[in-house]
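Asks: Pasting in a structure now, in structure tokens, and then I'll have a few things to ask.
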Amino acid sequence: MVDQAADLLFELGTEELPPVALQHLSTSLKREFIAGLDRADLQHGEVKAFATPRRLAILVSDCSLSTPDKEIERRGPAVKAAFDDDGNPTKAAEGFAASCGTTVDQLSRLQTDKGEWLAYTLKEAGRPADELLPGIAEQALHKLPIPKRMRWGDSDAQFVRPVHWLLFLHGGSVVPCTLLDAQAGNLSYGHRFHHPQAIALSTPADYADKLRNEGQVITDFAERRALIVQQVSEAARSLGGSADLDDDLLDEVTALNEWPVAIAGGFEEKYLEVPHEALVLTMKKNQKYFPVFDSNGGLMNHFITIANIDSHDPDVIRTGNERVVRPRLADAMFFWQQDGKKRLEEHIESLRQVVFQKQLGSMYDKSERVATLARIIAEQMGTDPQMAHRAGMLSRCDLMTEMVYEFPEMQGIMGRYQALRDGEDPELAQAMEEFYLPRYSGDHLPQTGTGIAVALAERLDTLVGIFGIGQKPSGDKDPFGLRRAALGALRIMREHSLTLNLPSLLDTAQYGQESLLTDHQASEQVYAFMLERLKGLYAEAGVGPDLFEAVAAVKPVSLADFEQRIQAVAAFSELDEATVLAAANKRIRNILRKSSEPLPPQVDPALFTEPAERELHDQLVAVSGRVSPLLHDGDYRATLEQLAGLKSVVDRFFDAVMVMTDDAVVRGNRLRLLADLADLFLQVADISKLPQ
């Protein structure tokens, strides 16, 4: 318990606040209020935030009644400037003393590393909290993340919604102030319907309990959310199923209710003929209902809604919600039935009328390019190229359906359903949805060969095309989502261990739209852009930048190969020999870089004059023979383990041999020997980039 402290309660009552912003507003108010208390030096205990549709509140335990007294040390002139040669105070000393309200003889002296100064310690009395709290609250409200503030009535006040009351208590006393044209008092208000009357509070700590017991308002957001989860789960169990407790929907529904009551409803089974995703979308997005699923994961013809009232006749609410949702379900069924009158492929020609990007052509042009590239990828993967090509052509056709027009989130999903309805191969149908995967960081990946081919082709074509017209991302601007596209493509190739030649595929993607591009180095730029994204992925996995750069320097063509090299170099870097060999390789690179003379095509042993250079050559020949089959099999770890055995002969070479001798022929032979040593390591990675 802080001495001379009391609990503090602040509540702002408003019209219904934006539900999707409620938690953010509450968190921000708490953060800014705490920051204000700390800046004012008002000590306090725990701070708890409350939020309902009609109020934002915070409860501060043990908030000081005043700021502490302070001692402020003022520094005056230097002592040597404060007194004349006779020791009398100068005008500078007298002026400083006067400004402190004292005399020169009452001043103290402050010794610093820069000399001695006159000083005086002032005592500043603490300020009452009630003088500071209105400004703290006003500043906290001003800093709330409100994109657009509104005025109401003839008031000049501005807030996210009209303000109706302000409760501001410190201990049992009202903090006198007016904020947003609301005068502070000790009154709150209960539920709009159950208890619209005022509720007087005299003790801040009673806030949550009094609002719940008298006003039928649960002020704690987390408590209301937990109650909704409990009620919805129980209602779903009573129906023989389980509810889709979507986190975003839970947060939104919690933000819409002060006294939540779960009510189950239903609809005709005939609507279950419609793709379940569309029904779930309309229930969750339009109606804020929780869908119910059976034990097999199938959608049931039931839903659960949350009423913001404890009705004496819940059947009225139930039938009202059933009546409201029925037309929406009927619309979804109508769209589904209408779309069934056409096959997906019948929409291909209509894609000519939809622009993908004005310089890169229509959606039809885009589909053709993706289909061609998907065929090539499928051939290299060993999956069906014809199916991949057809999937590429059909991939955007569901965008022309009425279902996707009404529910944009159904793109891909509708393609899968329609392809199955058309009698297409199940793998092709699955690829219609996998075409969009991954949609975001952490999303699952396409799993079928056809889905992988079209998803990868789509991203590579987009990256090369947009880079090729000079629209690459800059700063935080990325209107075409190229960073997301690059990360998606990298995840597909990396996590599926694909041996695809990435630079070659990028060149192929560029060739497919060459006549449309203004920058014909696009494929190289995209490769560099993707490497930067790959570096970030490896950093998240704990791979350091030095290790990554060591592998990136040799430009592995596939991500599967890149991954194998990363693992091998990581294991090598743990060996005792790694540091010495990394330093030796760096030394070799520096020597070769400084030498401008052409090197002989191969080492001539007859030119050796030192045993150490002959020993290094013999060891290189022997090790090269041993690692050749290992490199052929991609066993980079075993290769580096073999190369680690060269440490001692490399040490002896540099100890005993003068590389840059005056004899040009001998010098060139030795440089060739070192180049062969470096090249042997470069068949795996540039280990000179490792820490030394």
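Letters A, B, ... mark the chains of the structure tokens in the order given; residue numbers begin at 1 per chain; ligand numbers begin at 1, in order shown.
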Could you go through stretch 454-640 of chain A and tell me which residues DSSP, when run on the backbone, assigns to alpha helix (DSSP H), listing them as a PyMOL selection string?
Replies: chain A and resi 454-468+482-495+502-511+522-540+545-552+559-572+578-594+611-632+636-640
Asks: Would you save the residues of that selection, restricted to C-alpha atoms, as a CSV table (one decimal), in the first residue's frame?
Replies:
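Dumped everything to out.csv:
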```csv
chain,number,residue,atom,x,y,z
A,454,VAL,CA,0.2,-23.6,-60.2
A,455,ALA,CA,0.8,-21.8,-56.9
A,456,LEU,CA,4.5,-21.5,-57.6
A,457,ALA,CA,4.0,-20.4,-61.2
A,458,GLU,CA,1.5,-17.7,-60.2
A,459,ARG,CA,3.9,-16.1,-57.7
A,460,LEU,CA,7.0,-16.3,-60.0
A,461,ASP,CA,5.1,-14.8,-62.9
A,462,THR,CA,3.8,-12.0,-60.7
A,463,LEU,CA,7.2,-11.2,-59.2
A,464,VAL,CA,9.0,-11.1,-62.6
A,465,GLY,CA,6.2,-9.1,-64.3
A,466,ILE,CA,5.8,-6.4,-61.6
A,467,PHE,CA,9.6,-6.0,-61.2
A,468,GLY,CA,9.9,-5.9,-65.0
A,482,LEU,CA,5.4,-9.0,-53.8
A,483,ARG,CA,7.0,-9.6,-50.4
A,484,ARG,CA,4.2,-12.0,-49.5
A,485,ALA,CA,4.5,-13.6,-53.0
A,486,ALA,CA,8.2,-14.2,-52.6
A,487,LEU,CA,7.9,-15.6,-49.1
A,488,GLY,CA,5.1,-17.9,-50.3
A,489,ALA,CA,7.2,-19.2,-53.2
A,490,LEU,CA,10.2,-19.7,-51.0
A,491,ARG,CA,8.2,-21.6,-48.4
A,492,ILE,CA,6.7,-23.9,-51.1
A,493,MET,CA,10.1,-24.8,-52.5
A,494,ARG,CA,11.9,-25.0,-49.2
A,495,GLU,CA,9.3,-26.9,-47.1
A,502,LEU,CA,15.0,-21.2,-59.3
A,503,PRO,CA,17.1,-18.8,-61.6
A,504,SER,CA,16.1,-20.9,-64.6
A,505,LEU,CA,12.4,-20.7,-63.7
A,506,LEU,CA,12.7,-16.9,-63.2
A,507,ASP,CA,14.3,-16.6,-66.6
A,508,THR,CA,11.4,-18.7,-68.1
A,509,ALA,CA,8.9,-16.5,-66.4
A,510,GLN,CA,10.6,-13.4,-67.9
A,511,TYR,CA,10.7,-15.0,-71.3
A,522,ALA,CA,13.9,-8.5,-63.9
A,523,SER,CA,14.6,-12.1,-63.3
A,524,GLU,CA,18.0,-11.3,-61.7
A,525,GLN,CA,16.5,-8.6,-59.5
A,526,VAL,CA,13.7,-11.0,-58.4
A,527,TYR,CA,16.3,-13.6,-57.5
A,528,ALA,CA,18.2,-11.1,-55.3
A,529,PHE,CA,14.9,-10.0,-53.8
A,530,MET,CA,14.0,-13.6,-53.0
A,531,LEU,CA,17.4,-14.2,-51.5
A,532,GLU,CA,16.8,-11.4,-49.1
A,533,ARG,CA,13.5,-12.9,-48.0
A,534,LEU,CA,15.2,-16.3,-47.7
A,535,LYS,CA,17.8,-14.7,-45.4
A,536,GLY,CA,15.0,-13.5,-43.2
A,537,LEU,CA,13.4,-17.0,-43.1
A,538,TYR,CA,16.7,-18.6,-42.1
A,539,ALA,CA,17.3,-15.8,-39.5
A,540,GLU,CA,13.9,-16.8,-37.9
A,545,PRO,CA,23.9,-14.0,-41.5
A,546,ASP,CA,27.5,-15.1,-41.9
A,547,LEU,CA,26.5,-18.7,-42.4
A,548,PHE,CA,23.8,-17.7,-44.8
A,549,GLU,CA,26.1,-15.5,-46.9
A,550,ALA,CA,28.7,-18.3,-47.0
A,551,VAL,CA,26.2,-20.5,-48.8
A,552,ALA,CA,24.5,-17.7,-50.9
A,559,LEU,CA,16.3,-24.4,-52.3
A,560,ALA,CA,16.6,-28.0,-51.5
A,561,ASP,CA,20.3,-27.8,-52.4
A,562,PHE,CA,20.6,-24.5,-50.4
A,563,GLU,CA,19.1,-26.2,-47.3
A,564,GLN,CA,21.6,-29.1,-47.6
A,565,ARG,CA,24.5,-26.7,-47.8
A,566,ILE,CA,23.2,-24.6,-44.9
A,567,GLN,CA,23.0,-27.7,-42.7
A,568,ALA,CA,26.5,-28.9,-43.8
A,569,VAL,CA,28.1,-25.5,-43.1
A,570,ALA,CA,26.4,-25.2,-39.8
A,571,ALA,CA,27.8,-28.6,-38.7
A,572,PHE,CA,31.2,-27.6,-40.1
A,578,ALA,CA,36.5,-24.4,-38.9
A,579,THR,CA,37.9,-21.1,-37.5
A,580,VAL,CA,41.5,-21.7,-38.9
A,581,LEU,CA,40.3,-22.9,-42.3
A,582,ALA,CA,37.8,-20.0,-42.6
A,583,ALA,CA,40.7,-17.6,-41.9
A,584,ALA,CA,42.9,-19.4,-44.3
A,585,ASN,CA,40.3,-19.2,-47.0
A,586,LYS,CA,39.9,-15.5,-46.4
A,587,ARG,CA,43.6,-15.0,-46.6
A,588,ILE,CA,43.7,-16.9,-49.9
A,589,ARG,CA,40.8,-14.8,-51.3
A,590,ASN,CA,42.7,-11.6,-50.4
A,591,ILE,CA,45.9,-12.8,-52.0
A,592,LEU,CA,44.2,-13.8,-55.2
A,593,ARG,CA,42.2,-10.6,-55.3
A,594,LYS,CA,45.4,-8.5,-55.0
A,611,PRO,CA,58.2,-29.7,-48.9
A,612,ALA,CA,55.1,-27.9,-47.6
A,613,GLU,CA,53.8,-27.0,-51.0
A,614,ARG,CA,54.3,-30.5,-52.3
A,615,GLU,CA,52.5,-31.9,-49.2
A,616,LEU,CA,49.6,-29.5,-49.7
A,617,HIS,CA,49.3,-30.5,-53.4
A,618,ASP,CA,49.4,-34.2,-52.6
A,619,GLN,CA,46.7,-33.8,-49.9
A,620,LEU,CA,44.5,-31.8,-52.3
A,621,VAL,CA,44.7,-34.5,-55.0
A,622,ALA,CA,43.9,-37.2,-52.4
A,623,VAL,CA,41.0,-35.2,-50.8
A,624,SER,CA,39.6,-34.2,-54.2
A,625,GLY,CA,39.3,-37.9,-55.2
A,626,ARG,CA,37.5,-38.7,-52.0
A,627,VAL,CA,35.0,-35.8,-52.1
A,628,SER,CA,34.1,-36.1,-55.8
A,629,PRO,CA,31.5,-38.8,-55.2
A,630,LEU,CA,30.3,-37.1,-52.1
A,631,LEU,CA,29.6,-33.9,-54.0
A,632,HIS,CA,27.9,-35.9,-56.8
A,636,TYR,CA,28.1,-31.6,-48.3
A,637,ARG,CA,28.5,-32.4,-44.7
A,638,ALA,CA,30.8,-35.4,-45.4
A,639,THR,CA,32.6,-33.2,-48.0
A,640,LEU,CA,33.4,-30.5,-45.4
```
Asks: Please identify which residues in stretch 255-369 of chain A DSSP calls strand (DSSP E) from the backbone, and express them as a VMD selection string.
Replies: chain A and resid 261 to 266 290 to 293 299 to 307 355 to 357 361 to 362
Asks: A:Phe193, A:Tyr364, A:Phe407, A:Trp336: which is nearest A:Arg421, counting only C-alpha atoms?
Replies: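 The shortest atom-to-atom distance to A:Arg421 comes from A:Trp336.
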Asks: Quick one: everything within 7 Å of A:Val104, counting only C-alpha atoms, minus sequence neighbours fewer than 3 positions away in the same chain. Send it as a PDB file with N, CA and C atoms, in the first residue's frame.
Replies:
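After the write, part_33.pdb holds the following:
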```
ATOM      1  N   ALA A  93      27.590  35.847  -8.637  1.00  0.00           N
ATOM      2  CA  ALA A  93      27.226  35.087  -7.436  1.00  0.00           C
ATOM      3  C   ALA A  93      25.999  35.684  -6.770  1.00  0.00           C
ATOM      4  N   GLU A  94      25.957  36.996  -6.667  1.00  0.00           N
ATOM      5  CA  GLU A  94      24.826  37.656  -6.012  1.00  0.00           C
ATOM      6  C   GLU A  94      23.543  37.453  -6.822  1.00  0.00           C
ATOM      7  N   ALA A  97      22.295  33.918  -6.233  1.00  0.00           N
ATOM      8  CA  ALA A  97      21.701  33.786  -4.903  1.00  0.00           C
ATOM      9  C   ALA A  97      20.315  34.421  -4.869  1.00  0.00           C
ATOM     10  N   LEU A 107      24.767  29.651   0.031  1.00  0.00           N
ATOM     11  CA  LEU A 107      24.992  28.744  -1.101  1.00  0.00           C
ATOM     12  C   LEU A 107      26.009  27.676  -0.735  1.00  0.00           C
TER      13      LEU A 107
END
```
Asks: Would you compute the distance between atom CA of A:Gly451 and atom CA of A:Glu433? Give it in Å to one decimal.
Replies: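 So the two atoms, atom CA of A:Gly451 and atom CA of A:Glu433, lie 7.9 Å apart.
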Asks: As a list in words, please: the residues near A:Leu428 (cut-off 8 Å, only C-alpha atoms, same-chain neighbours under 4 positions excluded).
Replies: Met387, Ala388, Ala391, Ala419, Glu424, Met432, Thr450 and Gly451 of chain A
Asks: How about saving the chosen residues, N, CA and C atoms kept, as a short mmCIF file (atom, residue, chain, number, x, y, z; two decimals), in the first residue's frame?
Replies:
```cif
data_model
loop_
_atom_site.label_atom_id
_atom_site.label_comp_id
_atom_site.auth_asym_id
_atom_site.auth_seq_id
_atom_site.Cartn_x
_atom_site.Cartn_y
_atom_site.Cartn_z
N MET A 387 -2.22 -31.74 -66.59
CA MET A 387 -3.13 -31.31 -65.53
C MET A 387 -2.72 -29.96 -64.97
N ALA A 388 -1.42 -29.74 -64.82
CA ALA A 388 -0.93 -28.46 -64.31
C ALA A 388 -1.30 -27.33 -65.27
N ALA A 391 -5.01 -26.70 -64.95
CA ALA A 391 -5.27 -26.02 -63.68
C ALA A 391 -4.91 -24.54 -63.77
N ALA A 419 -15.14 -27.28 -59.78
CA ALA A 419 -14.38 -28.27 -60.55
C ALA A 419 -14.87 -29.68 -60.25
N GLU A 424 -14.15 -32.70 -62.90
CA GLU A 424 -12.70 -32.63 -63.10
C GLU A 424 -12.00 -33.60 -62.13
N MET A 432 -7.37 -25.86 -57.46
CA MET A 432 -8.08 -24.58 -57.59
C MET A 432 -8.00 -23.78 -56.29
N THR A 450 -0.02 -30.80 -58.56
CA THR A 450 -0.63 -29.79 -59.43
C THR A 450 -0.80 -28.48 -58.70
N GLY A 451 -1.25 -28.54 -57.44
CA GLY A 451 -1.42 -27.32 -56.66
C GLY A 451 -0.10 -26.61 -56.43
#
```
Asks: Show which residues sit within 6 Å of stretch 51-57 of chain A, as a ChimeraX atom specification. Count only C-alpha atoms, and ignore same-chain residues fewer than 4 positions away.
Replies: /A:10-17,219,221,255-256,258
Asks: Using only C-alpha atoms, please write the residues we just selected to a file, as a compact mmCIF listing (two decimals), in the first residue's frame.
Replies:
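Final file, result.txt:
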```
# COMPACT_ATOMS: atom_id res chain seq x y z
CA PHE A 10 -12.05 6.75 -14.62
CA GLU A 11 -14.99 5.86 -16.87
CA LEU A 12 -16.05 7.52 -20.12
CA GLY A 13 -19.61 6.68 -21.19
CA THR A 14 -20.41 6.90 -24.90
CA GLU A 15 -22.68 5.79 -27.68
CA GLU A 16 -21.82 2.30 -28.95
CA LEU A 17 -18.11 2.17 -29.77
CA THR A 219 -17.42 -4.45 -17.59
CA PHE A 221 -13.89 -7.71 -21.56
CA ALA A 255 -17.42 -5.94 -28.04
CA LEU A 256 -21.09 -5.81 -29.07
CA GLU A 258 -22.67 -5.84 -22.16
```
Asks: Please indicate the distance in Å from atom CA of A:Gly544 to atom CA of A:Gln692, rounded to one decimal place.
Replies: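 Result for atom CA of A:Gly544 versus atom CA of A:Gln692: 14.0 Å, one decimal.
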Asks: Tell me, in Å to one decimal, how far atom CA of A:Lys70 is from atom CA of A:Pro134.
Replies: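 According to the coordinates, atom CA of A:Lys70 and atom CA of A:Pro134 are separated by 22.0 Å.
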Asks: Set the distance at 9 Å and use only C-alpha atoms: which residues neighbour A:Ala243 once local chain neighbours fewer than 5 positions away are removed? I'd like the list as JSON, numbers by chain.
Replies: {"A": [232, 233, 235, 236, 237, 290, 291, 292, 293, 294, 303, 304]}
Asks: Set the distance at 10 Å and use only C-alpha atoms: which residues neighbour A:Glu368 once local chain neighbours fewer than 5 positions away are removed? I'd like the list as an MDAnalysis selection string.
Replies: chainID A and resid 362:363 373:374 389:390 392:394 512
Asks: Once you have the residues from the selection above, write them out as a compact mmCIF listing (two decimals), in the first residue's frame, restricted to C-alpha atoms.
Replies:
```txt
# COMPACT_ATOMS: atom_id res chain seq x y z
CA SER A 362 -5.73 -9.30 -68.88
CA MET A 363 -6.53 -12.09 -66.46
CA LEU A 373 5.01 -22.04 -66.45
CA ALA A 374 3.04 -24.52 -64.32
CA HIS A 389 -1.53 -26.57 -67.56
CA ARG A 390 -5.28 -27.03 -67.34
CA GLY A 392 -3.43 -22.83 -64.63
CA MET A 393 -6.05 -21.98 -67.25
CA LEU A 394 -8.95 -22.66 -64.88
CA GLY A 512 6.94 -15.57 -71.15
```
Asks: Looking at A:Leu59, A:Val280, A:Met333, A:Leu673, which one is nearest to A:Pro601, with distances taken over only C-alpha atoms?
Replies: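 Closest candidate: A:Leu673.
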Asks: Taking only C-alpha atoms into account, which of A:Thr609, A:Gln430, A:Ser26, A:Thr67 comes nearest A:Val47?
Replies: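 When distances to A:Val47 are compared using only C-alpha atoms, the smallest one comes from A:Ser26.
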